[in-house]
file structure_35.tsv (TSV, C-alpha atoms)
chain	number	residue	atom	x	y	z
A	1	MET	CA	-33.45	277.37	61.86
A	2	THR	CA	-34.77	280.71	63.11
A	3	ILE	CA	-32.62	283.03	65.14
A	4	SER	CA	-34.62	282.39	68.31
A	5	THR	CA	-34.28	278.60	68.11
A	6	LYS	CA	-30.58	279.01	67.36
A	7	LEU	CA	-30.20	281.15	70.47
A	8	LEU	CA	-32.17	278.58	72.41
A	9	GLY	CA	-29.78	275.92	71.11
A	10	ILE	CA	-26.75	277.89	72.23
A	11	ALA	CA	-28.35	278.62	75.57
A	12	SER	CA	-29.20	274.98	76.18
A	13	ALA	CA	-25.67	274.01	75.10
A	14	GLY	CA	-24.46	276.39	77.79
A	15	VAL	CA	-26.69	274.75	80.39
A	16	LEU	CA	-25.47	271.30	79.34
A	17	LEU	CA	-21.87	272.48	79.45
A	18	ALA	CA	-22.37	273.86	82.94
A	19	GLY	CA	-23.94	270.56	83.96
A	20	GLN	CA	-21.02	268.55	82.60
A	21	LEU	CA	-18.46	270.81	84.27
A	22	ALA	CA	-20.24	270.29	87.57
A	23	LEU	CA	-20.14	266.52	87.06
A	24	ALA	CA	-16.51	266.34	85.91
A	25	PRO	CA	-14.82	266.00	89.33
A	26	VAL	CA	-17.07	263.04	90.21
A	27	ALA	CA	-15.75	261.05	87.24
A	28	SER	CA	-12.13	261.45	88.35
A	29	ALA	CA	-12.70	259.03	91.20
A	30	SER	CA	-12.49	256.17	88.70
A	31	GLY	CA	-9.83	257.62	86.35
A	32	PRO	CA	-10.28	260.44	83.86
A	33	SER	CA	-13.70	260.94	82.27
A	34	MET	CA	-14.38	260.37	78.58
A	35	VAL	CA	-14.42	264.17	78.15
A	36	GLU	CA	-11.01	264.55	79.80
A	37	GLU	CA	-9.51	261.70	77.80
A	38	GLY	CA	-10.98	263.18	74.65
A	39	LYS	CA	-9.48	266.56	75.48
A	40	ASN	CA	-6.04	264.98	75.90
A	41	ILE	CA	-6.31	263.25	72.54
A	42	ALA	CA	-7.58	266.43	70.87
A	43	PHE	CA	-4.78	268.58	72.28
A	44	THR	CA	-1.89	266.13	71.78
A	45	ARG	CA	0.17	267.06	68.72
A	46	LYS	CA	0.80	263.48	67.61
A	47	LYS	CA	-2.86	262.54	68.09
A	48	GLY	CA	-5.74	264.86	67.19
A	49	ASN	CA	-3.68	268.06	67.09
A	50	CYS	CA	-7.01	269.88	66.72
A	51	LEU	CA	-5.41	273.14	67.92
A	52	ALA	CA	-3.37	273.24	64.72
A	53	CYS	CA	-6.47	274.66	63.05
A	54	HIS	CA	-9.28	275.21	65.62
A	55	VAL	CA	-9.51	277.69	68.47
A	56	MET	CA	-11.21	276.08	71.47
A	57	ALA	CA	-11.58	276.70	75.17
A	58	GLY	CA	-8.53	275.63	77.20
A	59	GLY	CA	-6.17	275.48	74.20
A	60	LYS	CA	-3.26	277.86	73.70
A	61	ALA	CA	-1.72	279.26	70.47
A	62	ALA	CA	-4.38	277.69	68.27
A	63	GLY	CA	-4.44	278.12	64.51
A	64	ASN	CA	-7.21	279.84	62.56
A	65	ILE	CA	-7.52	277.69	59.44
A	66	ALA	CA	-10.82	276.20	60.59
A	67	PRO	CA	-13.80	277.57	62.58
A	68	PRO	CA	-13.49	277.92	66.37
A	69	LEU	CA	-15.13	275.03	68.21
A	70	GLY	CA	-17.92	276.16	70.50
A	71	ALA	CA	-21.69	275.73	70.93
A	72	MET	CA	-21.22	272.40	69.20
A	73	GLN	CA	-24.61	271.05	70.24
A	74	SER	CA	-26.27	273.80	68.24
A	75	ARG	CA	-24.12	273.05	65.21
A	76	PHE	CA	-24.51	269.26	65.08
A	77	LYS	CA	-27.79	267.39	65.45
A	78	SER	CA	-26.21	264.45	67.25
A	79	LYS	CA	-22.94	262.97	68.46
A	80	ALA	CA	-23.18	260.56	65.52
A	81	GLU	CA	-23.22	263.46	63.08
A	82	LEU	CA	-20.24	265.05	64.83
A	83	LYS	CA	-18.39	261.73	64.76
A	84	ALA	CA	-18.99	261.38	61.03
A	85	GLN	CA	-17.50	264.83	60.48
A	86	ILE	CA	-14.34	263.98	62.48
A	87	ALA	CA	-14.04	260.57	60.83
A	88	ASP	CA	-14.09	262.02	57.31
A	89	ALA	CA	-14.80	265.70	56.73
A	90	THR	CA	-14.28	265.30	52.97
A	91	VAL	CA	-17.74	263.67	52.72
A	92	LYS	CA	-19.48	266.99	53.39
A	93	ASN	CA	-16.80	269.17	51.78
A	94	PRO	CA	-14.33	267.65	49.30
A	95	GLU	CA	-12.17	270.81	49.48
A	96	THR	CA	-11.73	270.68	53.24
A	97	SER	CA	-8.23	270.75	54.70
A	98	MET	CA	-9.31	268.61	57.66
A	99	PRO	CA	-7.57	265.23	57.80
A	100	PRO	CA	-9.95	262.23	57.68
A	101	PHE	CA	-9.21	260.97	61.20
A	102	GLY	CA	-11.31	257.81	60.85
A	103	ARG	CA	-10.89	256.95	57.18
A	104	HIS	CA	-7.09	257.28	57.37
A	105	LYS	CA	-6.91	255.68	60.84
A	106	ILE	CA	-5.17	258.72	62.32
A	107	LEU	CA	-7.18	257.98	65.46
A	108	SER	CA	-8.82	254.70	66.46
A	109	ASP	CA	-12.59	254.41	66.63
A	110	ALA	CA	-12.42	254.41	70.44
A	111	GLU	CA	-10.23	257.54	70.40
A	112	ILE	CA	-12.65	259.32	68.08
A	113	ASP	CA	-15.53	258.46	70.45
A	114	LYS	CA	-13.63	260.18	73.26
A	115	VAL	CA	-12.84	263.21	71.11
A	116	VAL	CA	-16.55	263.39	70.20
A	117	GLU	CA	-17.46	263.49	73.92
A	118	PHE	CA	-15.01	266.34	74.47
A	119	VAL	CA	-15.95	268.36	71.39
A	120	TRP	CA	-19.67	267.83	72.12
A	121	SER	CA	-19.04	269.45	75.50
A	122	LEU	CA	-17.66	272.64	73.98
B	1	MET	CA	-9.11	270.31	44.04
B	2	LYS	CA	-10.73	270.66	40.64
B	3	HIS	CA	-13.01	273.16	42.27
B	4	LEU	CA	-10.04	275.15	43.61
B	5	LEU	CA	-8.40	275.18	40.22
B	6	LYS	CA	-11.65	276.46	38.77
B	7	LYS	CA	-11.70	279.17	41.39
B	8	ILE	CA	-8.16	280.18	40.46
B	9	ALA	CA	-9.08	280.23	36.80
B	10	MET	CA	-12.07	282.43	37.64
B	11	LEU	CA	-9.82	284.76	39.60
B	12	ALA	CA	-7.59	284.97	36.56
B	13	VAL	CA	-10.53	285.95	34.39
B	14	ALA	CA	-11.67	288.47	37.00
B	15	GLY	CA	-8.15	289.89	36.90
B	16	GLY	CA	-8.58	290.61	33.22
B	17	ILE	CA	-6.47	287.75	31.95
B	18	ALA	CA	-7.75	286.03	28.86
B	19	ALA	CA	-7.52	282.42	29.99
B	20	SER	CA	-7.40	280.20	26.96
B	21	ALA	CA	-9.65	277.15	26.90
B	22	GLN	CA	-6.62	274.88	27.09
B	23	ALA	CA	-4.44	275.53	30.11
B	24	SER	CA	-0.86	276.36	29.30
B	25	PRO	CA	2.01	276.85	31.73
B	26	GLU	CA	1.84	280.56	31.03
B	27	ALA	CA	-1.92	280.71	31.78
B	28	ASP	CA	-1.25	278.64	34.92
B	29	ARG	CA	1.44	281.07	36.04
B	30	GLU	CA	-0.75	284.13	35.48
B	31	ALA	CA	-3.62	282.52	37.41
B	32	PHE	CA	-1.26	281.44	40.19
B	33	GLN	CA	0.28	284.88	40.61
B	34	ASN	CA	-3.11	286.60	40.35
B	35	PHE	CA	-4.47	284.37	43.09
B	36	TYR	CA	-1.93	285.87	45.53
B	37	LYS	CA	-2.34	289.38	44.14
B	38	ASN	CA	-6.03	289.12	44.98
B	39	ARG	CA	-5.55	287.54	48.39
B	40	PHE	CA	-2.77	289.86	49.53
B	41	ALA	CA	-3.71	293.01	47.66
B	42	SER	CA	-1.26	295.22	49.58
B	43	VAL	CA	1.78	292.97	48.97
B	44	PRO	CA	3.83	294.03	45.94
B	45	MET	CA	4.98	291.22	43.62
B	46	GLU	CA	8.67	291.87	44.39
B	47	GLU	CA	8.02	290.99	48.06
B	48	TYR	CA	7.18	287.31	47.40
B	49	PRO	CA	10.82	286.16	47.23
B	50	ASN	CA	10.86	286.95	50.98
B	51	GLY	CA	8.45	284.08	51.50
B	52	VAL	CA	6.21	284.11	54.54
B	53	TYR	CA	7.85	287.33	55.72
B	54	SER	CA	6.07	289.13	52.89
B	55	ILE	CA	2.80	288.52	54.77
B	56	ASP	CA	3.86	288.11	58.43
B	57	PRO	CA	4.94	291.43	60.02
B	58	VAL	CA	5.92	289.87	63.37
B	59	GLY	CA	7.98	287.08	61.83
B	60	ARG	CA	9.54	289.66	59.53
B	61	GLU	CA	11.00	291.66	62.42
B	62	ASN	CA	12.83	288.59	63.72
B	63	TRP	CA	13.96	287.70	60.22
B	64	GLU	CA	15.34	291.16	59.54
B	65	ALA	CA	17.29	290.97	62.80
B	66	ILE	CA	18.73	287.58	61.72
B	67	GLU	CA	19.65	288.97	58.31
B	68	GLU	CA	21.85	291.65	59.95
B	69	PHE	CA	24.38	288.89	60.66
B	70	PRO	CA	23.38	286.29	58.06
B	71	PRO	CA	23.84	282.75	59.39
B	72	TYR	CA	24.52	281.46	55.86
B	73	GLU	CA	27.63	283.62	55.33
B	74	PRO	CA	30.24	281.02	56.37
B	75	PHE	CA	28.64	278.59	53.92
B	76	ILE	CA	29.08	281.08	51.07
B	77	ASP	CA	32.79	281.39	51.94
B	78	GLU	CA	33.21	277.61	52.09
B	79	GLY	CA	31.44	277.34	48.75
B	80	GLN	CA	33.74	279.87	47.12
B	81	ALA	CA	36.73	277.82	48.26
B	82	MET	CA	35.10	274.72	46.75
B	83	TRP	CA	34.43	276.53	43.50
B	84	GLU	CA	38.05	277.63	43.19
B	85	LYS	CA	39.79	274.46	44.39
B	86	PRO	CA	40.88	272.27	41.47
B	87	PHE	CA	39.65	268.66	41.25
B	88	ALA	CA	42.25	265.86	41.39
B	89	ASN	CA	42.54	266.12	37.59
B	90	GLY	CA	43.43	269.82	37.82
B	91	LYS	CA	40.13	271.08	36.39
B	92	THR	CA	37.59	273.14	38.30
B	93	TYR	CA	33.84	273.75	38.29
B	94	LYS	CA	34.54	276.67	35.96
B	95	ASP	CA	35.50	274.15	33.26
B	96	CYS	CA	31.95	272.78	33.41
B	97	PHE	CA	30.20	276.10	33.92
B	98	ALA	CA	31.93	278.70	31.77
B	99	ASP	CA	29.44	281.40	32.85
B	100	GLY	CA	29.85	280.51	36.53
B	101	PRO	CA	29.52	281.04	39.36
B	102	ALA	CA	26.38	283.17	38.76
B	103	ILE	CA	24.38	280.41	37.04
B	104	ALA	CA	21.40	279.75	39.33
B	105	GLY	CA	19.01	281.67	37.05
B	106	ILE	CA	19.09	279.07	34.27
B	107	TYR	CA	17.98	276.19	36.51
B	108	PRO	CA	15.95	274.05	36.55
B	109	LEU	CA	16.26	273.48	32.82
B	110	TRP	CA	14.99	270.94	30.33
B	111	ASP	CA	17.66	268.61	28.97
B	112	LYS	CA	16.40	267.52	25.56
B	113	LYS	CA	19.14	264.97	25.02
B	114	ASN	CA	18.37	263.04	28.19
B	115	GLY	CA	14.67	263.89	28.30
B	116	MET	CA	14.74	265.12	31.90
B	117	VAL	CA	14.70	268.17	34.15
B	118	ILE	CA	18.19	269.16	35.25
B	119	THR	CA	18.45	271.03	38.53
B	120	LEU	CA	21.52	272.92	39.72
B	121	PRO	CA	22.53	270.28	42.31
B	122	LEU	CA	22.25	267.58	39.65
B	123	ALA	CA	24.36	269.61	37.20
B	124	LEU	CA	27.02	270.14	39.88
B	125	ASN	CA	27.28	266.40	40.52
B	126	LYS	CA	27.38	265.63	36.80
B	127	CYS	CA	30.36	267.97	36.61
B	128	ARG	CA	32.06	266.27	39.54
B	129	GLU	CA	31.50	262.79	38.13
B	130	ALA	CA	32.73	263.83	34.68
B	131	ASN	CA	35.93	264.88	36.43
B	132	GLY	CA	36.34	261.71	38.45
B	133	GLU	CA	35.06	263.18	41.73
B	134	LYS	CA	32.52	261.56	44.04
B	135	PRO	CA	29.02	263.06	43.81
B	136	LEU	CA	27.81	265.08	46.80
B	137	LYS	CA	24.74	264.15	48.86
B	138	TYR	CA	21.61	266.01	47.81
B	139	LYS	CA	20.07	267.06	51.12
B	140	LYS	CA	22.74	267.75	53.73
B	141	GLY	CA	26.44	268.48	53.74
B	142	SER	CA	28.86	270.33	51.52
B	143	ILE	CA	26.57	270.56	48.48
B	144	ASN	CA	24.96	273.36	50.45
B	145	ASP	CA	28.25	275.28	50.58
B	146	ILE	CA	28.68	275.45	46.83
B	147	LEU	CA	24.94	276.05	46.33
B	148	SER	CA	25.13	278.95	48.82
B	149	TYR	CA	28.01	280.50	46.91
B	150	ILE	CA	26.32	280.11	43.51
B	151	ALA	CA	23.01	281.43	44.90
B	152	TYR	CA	24.75	284.44	46.41
B	153	GLU	CA	26.59	285.22	43.19
B	154	SER	CA	23.29	284.82	41.27
B	155	ARG	CA	21.32	287.27	43.43
B	156	GLY	CA	19.32	289.69	41.33
B	157	GLN	CA	18.82	287.30	38.43
B	158	LYS	CA	15.19	286.71	37.53
B	159	THR	CA	13.50	283.34	37.73
B	160	ASN	CA	13.04	282.33	34.13
B	161	VAL	CA	12.18	278.67	33.70
B	162	ILE	CA	11.74	277.69	30.06
B	163	ILE	CA	9.52	274.86	28.84
B	164	PRO	CA	10.72	274.31	25.29
B	165	LYS	CA	7.82	273.99	22.85
B	166	ASP	CA	9.75	271.67	20.53
B	167	ASP	CA	9.81	268.80	23.03
B	168	PRO	CA	6.44	267.57	24.37
B	169	ARG	CA	8.27	265.68	27.12
B	170	ALA	CA	9.16	269.01	28.74
B	171	LEU	CA	5.49	269.98	29.03
B	172	ALA	CA	4.73	266.46	30.29
B	173	ALA	CA	7.35	266.88	33.04
B	174	TYR	CA	5.81	270.23	34.00
B	175	GLU	CA	2.33	268.65	34.09
B	176	LYS	CA	3.62	265.85	36.33
B	177	GLY	CA	5.09	268.42	38.70
B	178	LYS	CA	1.81	270.34	38.71
B	179	LYS	CA	-0.15	267.18	39.45
B	180	PHE	CA	2.22	266.42	42.34
B	181	TYR	CA	1.60	269.88	43.75
B	182	TYR	CA	-2.18	269.51	43.79
B	183	THR	CA	-2.38	265.85	44.87
B	184	ARG	CA	-3.31	265.04	48.44
B	185	ARG	CA	-0.91	262.60	50.05
B	186	GLY	CA	0.03	261.02	53.33
B	187	GLN	CA	-2.04	259.89	56.28
B	188	LEU	CA	-2.92	263.52	56.99
B	189	ASN	CA	-4.21	263.92	53.42
B	190	PHE	CA	-2.65	267.27	52.48
B	191	SER	CA	-1.50	268.48	49.08
B	192	CYS	CA	1.18	271.16	48.84
B	193	ALA	CA	-1.60	273.46	47.62
B	194	ASN	CA	-3.85	272.83	50.64
B	195	CYS	CA	-1.43	274.73	52.85
B	196	HIS	CA	0.47	277.11	50.59
B	197	LEU	CA	-2.31	278.15	48.22
B	198	GLN	CA	-5.71	277.42	49.77
B	199	ASN	CA	-4.64	278.41	53.31
B	200	ALA	CA	-1.72	280.76	52.62
B	201	GLY	CA	-1.79	283.54	55.20
B	202	MET	CA	-3.66	281.48	57.80
B	203	ASN	CA	-2.04	280.22	61.00
B	204	ILE	CA	-1.33	276.56	61.71
B	205	ARG	CA	-0.87	276.67	65.48
B	206	ALA	CA	1.29	279.77	65.86
B	207	ASP	CA	2.97	279.47	62.43
B	208	ARG	CA	1.79	281.41	59.42
B	209	LEU	CA	1.52	279.45	56.19
B	210	GLY	CA	3.64	281.07	53.50
B	211	PRO	CA	2.60	281.63	49.90
B	212	ALA	CA	3.92	279.14	47.34
B	213	LEU	CA	4.80	282.05	45.11
B	214	GLY	CA	8.47	282.81	45.77
B	215	HIS	CA	9.15	279.48	47.49
B	216	THR	CA	11.97	278.59	45.11
B	217	THR	CA	13.83	281.92	44.94
B	218	HIS	CA	15.86	281.71	48.14
B	219	PHE	CA	17.30	278.20	48.27
B	220	PRO	CA	19.50	276.86	49.70
B	221	VAL	CA	18.16	278.04	53.04
B	222	TYR	CA	19.68	278.35	56.49
B	223	ARG	CA	16.92	277.04	58.67
B	224	SER	CA	17.18	277.72	62.39
B	225	LYS	CA	15.35	274.43	63.00
B	226	TRP	CA	18.15	272.61	61.14
B	227	GLY	CA	20.96	274.79	62.47
B	228	THR	CA	22.49	274.69	59.00
B	229	VAL	CA	21.88	275.29	55.31
B	230	GLY	CA	19.76	272.75	53.41
B	231	THR	CA	18.56	272.13	49.88
B	232	LEU	CA	15.09	272.61	48.39
B	233	HIS	CA	14.70	268.85	48.14
B	234	ARG	CA	15.57	268.46	51.82
B	235	ARG	CA	12.81	270.93	52.62
B	236	VAL	CA	10.28	269.15	50.41
B	237	THR	CA	11.24	265.86	52.08
B	238	GLY	CA	10.33	267.50	55.40
B	239	CYS	CA	6.98	268.67	54.02
B	240	ASN	CA	6.12	265.15	52.87
B	241	LYS	CA	7.09	263.70	56.26
B	242	GLN	CA	4.97	266.29	58.07
B	243	VAL	CA	1.85	265.06	56.30
B	244	ARG	CA	3.01	261.49	57.07
B	245	ALA	CA	3.68	260.66	53.44
B	246	LYS	CA	6.70	258.62	52.39
B	247	PRO	CA	9.15	261.11	50.91
B	248	PHE	CA	10.57	260.57	47.45
B	249	LYS	CA	14.26	260.51	46.63
B	250	ALA	CA	16.03	263.86	46.56
B	251	GLN	CA	16.80	264.64	42.90
B	252	GLY	CA	14.53	261.78	41.80
B	253	GLU	CA	12.08	262.40	38.98
B	254	GLN	CA	9.15	263.40	41.22
B	255	TYR	CA	10.94	266.20	43.05
B	256	ARG	CA	12.74	267.43	39.92
B	257	ASN	CA	9.42	267.73	38.08
B	258	LEU	CA	7.89	269.40	41.13
B	259	GLU	CA	10.77	271.91	41.16
B	260	TYR	CA	10.23	272.51	37.43
B	261	PHE	CA	6.55	273.38	37.98
B	262	LEU	CA	7.01	275.31	41.21
B	263	THR	CA	9.91	277.40	39.92
B	264	TYR	CA	7.96	278.17	36.73
B	265	MET	CA	5.15	279.57	38.90
B	266	SER	CA	7.67	282.12	40.24
B	267	ASN	CA	8.90	283.20	36.80
B	268	GLY	CA	9.73	286.89	36.89
B	269	LEU	CA	10.67	286.94	40.58
B	270	GLU	CA	14.19	287.83	41.64
B	271	LEU	CA	16.57	285.22	43.01
B	272	ASN	CA	17.65	286.09	46.56
B	273	GLY	CA	19.34	283.00	47.92
B	274	PRO	CA	20.71	281.85	50.18
B	275	GLY	CA	17.88	282.63	52.55
B	276	ALA	CA	17.31	282.41	56.29
B	277	ARG	CA	14.17	280.87	57.75
B	278	LYS	CA	13.10	279.82	61.19
call {"tool": "encode", "arguments": {"input": "structure_35.tsv", "output": "structure tokens"}}
result
Amino acid sequence: MTISTKLLGIASAGVLLAGQLALAPVASASGPSMVEEGKNIAFTRKKGNCLACHVMAGGKAAGNIAPPLGAMQSRFKSKAELKAQIADATVKNPETSMPPFGRHKILSDAEIDKVVEFVWSL
Amino acid sequence: MKHLLKKIAMLAVAGGIAASAQASPEADREAFQNFYKNRFASVPMEEYPNGVYSIDPVGRENWEAIEEFPPYEPFIDEGQAMWEKPFANGKTYKDCFADGPAIAGIYPLWDKKNGMVITLPLALNKCREANGEKPLKYKKGSINDILSYIAYESRGQKTNVIIPKDDPRALAAYEKGKKFYYTRRGQLNFSCANCHLQNAGMNIRADRLGPALGHTTHFPVYRSKWGTVGTLHRRVTGCNKQVRAKPFKAQGEQYRNLEYFLTYMSNGLELNGPGARK
């Protein structure tokens, strides 16, 4: 990927993010949105506990073991690819410290889908 | 993990250590210590017995303040009383441990007769049972008093675990402990090494991960989280639970072998127990 397309990717991620933020309040009319539910799961210590290792917007006192989560849509080709990484990060990197949330059933498939929606929005 | 071990071995070579083709405990120890020397170049070796406070300046300030009025002191006093009080048969711990109470430096040791690693808590209970006393529990309670006293009296001794060459079972026990250390376990899939070697110095939430080097020098430990003094095996039980693995029995074979390996890695470091941790 060239630098200019990367920048374009980040820029478009920003536009998408802005779009989702604008839409968020609408979803609350019928309960929390997938993104909000995903955020709750990601931030809850007994669930995703993603802040143990990843810095991300809206999270406090995050760890620094793993890369900060941002501009995700320029880092992953699709939600499916992001989901695969959350489900079992050891596939891409056997040395990773990241728990295999899907393979070890730390989160259910439905919970991972929600986390994917949230992380994709970062 | 193989890859990580290779990396450590490479670091050892880079550090000028002639790593033999066949790994030996001594080559393992040199590689292990060199790994930290390389990662924390400004930290002198004699700092590692201070655990995470050797690499966490903010945590260290709090710790130094706590150490001004050490929370483990009453436990040392209780332990001294235990050491001196005769058993029902009139004998004392001194009858089992002629060199006591400053005996922490010789443990854990290989017991050739029984073919097993003997830790200090295990030796203390063997003494009690030989004198008709009930054994003490291995994680909580008064075993920590006598361990605090012995640790305090042993301060300044150097960690010096010996793996006798004339008994292959000793090396096998060490190898089992080493394997335990590097094996991922639990639902969260962490090995001891993932956190305390691979990620030592990084932050997990707001907590800094301490180096494994020096982990064994300061037990038993007064942990603010516990509000009391606890044993090394209590702490390891907590680690296993944190990664959602089923803990093994305190003083069972797995944890004794783990202690044998882990303490060997700190050979040369000064004993400074009992310690205080948050």
call {"tool": "closest_atom_pairs", "arguments": {"input": "structure_35.tsv", "of": "segment 158-237 of chain B", "to": "segment 78-102 of chain A", "cutoff": "12 Å", "atoms": "all atoms listed in the file", "output": "Markdown table"}}
result
| residue | atom | partner | partner_atom | distance |
| --- | --- | --- | --- | --- |
| B:Tyr182 | CA | A:Glu95 | CA | 11.6 |
| B:Thr183 | CA | A:Glu95 | CA | 11.9 |
| B:Arg184 | CA | A:Ser97 | CA | 9.8 |
| B:Arg185 | CA | A:Pro99 | CA | 10.6 |
| B:Gly186 | CA | A:Pro99 | CA | 9.8 |
| B:Gln187 | CA | A:Pro99 | CA | 7.8 |
| B:Leu188 | CA | A:Pro99 | CA | 5.0 |
| B:Asn189 | CA | A:Pro99 | CA | 5.7 |
| B:Phe190 | CA | A:Ser97 | CA | 6.9 |
| B:Ser191 | CA | A:Ser97 | CA | 9.1 |
| B:Cys192 | CA | A:Ser97 | CA | 11.1 |
| B:Ala193 | CA | A:Ser97 | CA | 10.1 |
| B:Asn194 | CA | A:Ser97 | CA | 6.3 |
| B:Cys195 | CA | A:Ser97 | CA | 8.1 |
| B:His196 | CA | A:Ser97 | CA | 11.5 |
| B:Leu197 | CA | A:Ser97 | CA | 11.5 |
| B:Gln198 | CA | A:Ser97 | CA | 8.7 |
| B:Asn199 | CA | A:Ser97 | CA | 8.6 |
| B:Ile204 | CA | A:Ser97 | CA | 11.4 |
call {"tool": "write_last_selection", "arguments": {"input": "structure_35.tsv", "atoms": "C-alpha atoms", "output": "mmCIF file, keeping the file's coordinate frame"}}
result
data_model
loop_
_atom_site.group_PDB
_atom_site.id
_atom_site.type_symbol
_atom_site.label_atom_id
_atom_site.label_comp_id
_atom_site.auth_asym_id
_atom_site.auth_seq_id
_atom_site.Cartn_x
_atom_site.Cartn_y
_atom_site.Cartn_z
ATOM 1 C CA TYR B 182 -2.180 269.510 43.790
ATOM 2 C CA THR B 183 -2.380 265.850 44.870
ATOM 3 C CA ARG B 184 -3.310 265.040 48.440
ATOM 4 C CA ARG B 185 -0.910 262.600 50.050
ATOM 5 C CA GLY B 186 0.030 261.020 53.330
ATOM 6 C CA GLN B 187 -2.040 259.890 56.280
ATOM 7 C CA LEU B 188 -2.920 263.520 56.990
ATOM 8 C CA ASN B 189 -4.210 263.920 53.420
ATOM 9 C CA PHE B 190 -2.650 267.270 52.480
ATOM 10 C CA SER B 191 -1.500 268.480 49.080
ATOM 11 C CA CYS B 192 1.180 271.160 48.840
ATOM 12 C CA ALA B 193 -1.600 273.460 47.620
ATOM 13 C CA ASN B 194 -3.850 272.830 50.640
ATOM 14 C CA CYS B 195 -1.430 274.730 52.850
ATOM 15 C CA HIS B 196 0.470 277.110 50.590
ATOM 16 C CA LEU B 197 -2.310 278.150 48.220
ATOM 17 C CA GLN B 198 -5.710 277.420 49.770
ATOM 18 C CA ASN B 199 -4.640 278.410 53.310
ATOM 19 C CA ILE B 204 -1.330 276.560 61.710
#
call {"tool": "interface_residues", "arguments": {"input": "structure_35.tsv", "of": "chain A", "to": "chain B", "cutoff": "6 Å", "atoms": "all atoms listed in the file", "output": "PyMOL selection string"}}
result
chain A and resi 52-53+61-65+99+104
call {"tool": "atom_distance", "arguments": {"input": "structure_35.tsv", "atom1": "atom CA of Gln157 of chain B", "atom2": "atom CA of Gly273 of chain B"}}
result
10.4 Å
call {"tool": "residues_around", "arguments": {"input": "structure_35.tsv", "residues": "segment 158-164 of chain B", "least_positions_apart": "6", "cutoff": "8 Å", "atoms": "all atoms listed in the file", "output": "VMD selection string"}}
result
chain B and resid 105 to 110 170 to 171 174 217 260 263 to 264 266 to 271
call {"tool": "atom_distance", "arguments": {"input": "structure_35.tsv", "atom1": "atom CA of Ser74 of chain A", "atom2": "atom CA of Met56 of chain A"}}
result
15.6 Å
call {"tool": "decode", "arguments": {"input": "structure_35.tsv", "residues": "segment 186-214 of chain B", "atoms": "C-alpha atoms", "output": "PDB file, in the first residue's frame"}}
result
ATOM      1  CA  GLY B 186      -6.037 -21.432  31.067  1.00  0.00           C
ATOM      2  CA  GLN B 187      -8.891 -19.985  29.061  1.00  0.00           C
ATOM      3  CA  LEU B 188      -6.885 -16.791  28.606  1.00  0.00           C
ATOM      4  CA  ASN B 189      -3.987 -18.807  27.161  1.00  0.00           C
ATOM      5  CA  PHE B 190      -1.042 -17.227  28.998  1.00  0.00           C
ATOM      6  CA  SER B 191       2.222 -18.814  30.064  1.00  0.00           C
ATOM      7  CA  CYS B 192       4.161 -17.366  32.988  1.00  0.00           C
ATOM      8  CA  ALA B 193       6.715 -16.234  30.398  1.00  0.00           C
ATOM      9  CA  ASN B 194       4.156 -14.350  28.273  1.00  0.00           C
ATOM     10  CA  CYS B 195       3.790 -11.750  31.003  1.00  0.00           C
ATOM     11  CA  HIS B 196       7.010 -11.811  33.005  1.00  0.00           C
ATOM     12  CA  LEU B 197       9.525 -12.377  30.214  1.00  0.00           C
ATOM     13  CA  GLN B 198       7.997 -11.440  26.851  1.00  0.00           C
ATOM     14  CA  ASN B 199       6.084  -8.428  28.220  1.00  0.00           C
ATOM     15  CA  ALA B 200       8.112  -7.539  31.322  1.00  0.00           C
ATOM     16  CA  GLY B 201       8.161  -3.768  31.688  1.00  0.00           C
ATOM     17  CA  MET B 202       4.905  -3.252  29.772  1.00  0.00           C
ATOM     18  CA  ASN B 203       1.678  -2.146  31.427  1.00  0.00           C
ATOM     19  CA  ILE B 204      -1.377  -4.368  31.804  1.00  0.00           C
ATOM     20  CA  ARG B 205      -4.051  -1.757  32.488  1.00  0.00           C
ATOM     21  CA  ALA B 206      -2.259   0.488  34.977  1.00  0.00           C
ATOM     22  CA  ASP B 207      -0.029  -2.276  36.413  1.00  0.00           C
ATOM     23  CA  ARG B 208       3.530  -2.813  35.267  1.00  0.00           C
ATOM     24  CA  LEU B 209       4.526  -6.409  34.605  1.00  0.00           C
ATOM     25  CA  GLY B 210       7.531  -7.335  36.721  1.00  0.00           C
ATOM     26  CA  PRO B 211      10.564  -9.282  35.541  1.00  0.00           C
ATOM     27  CA  ALA B 212      10.663 -12.983  36.445  1.00  0.00           C
ATOM     28  CA  LEU B 213      14.260 -12.518  37.492  1.00  0.00           C
ATOM     29  CA  GLY B 214      14.191 -11.944  41.248  1.00  0.00           C
TER      30      GLY B 214
END
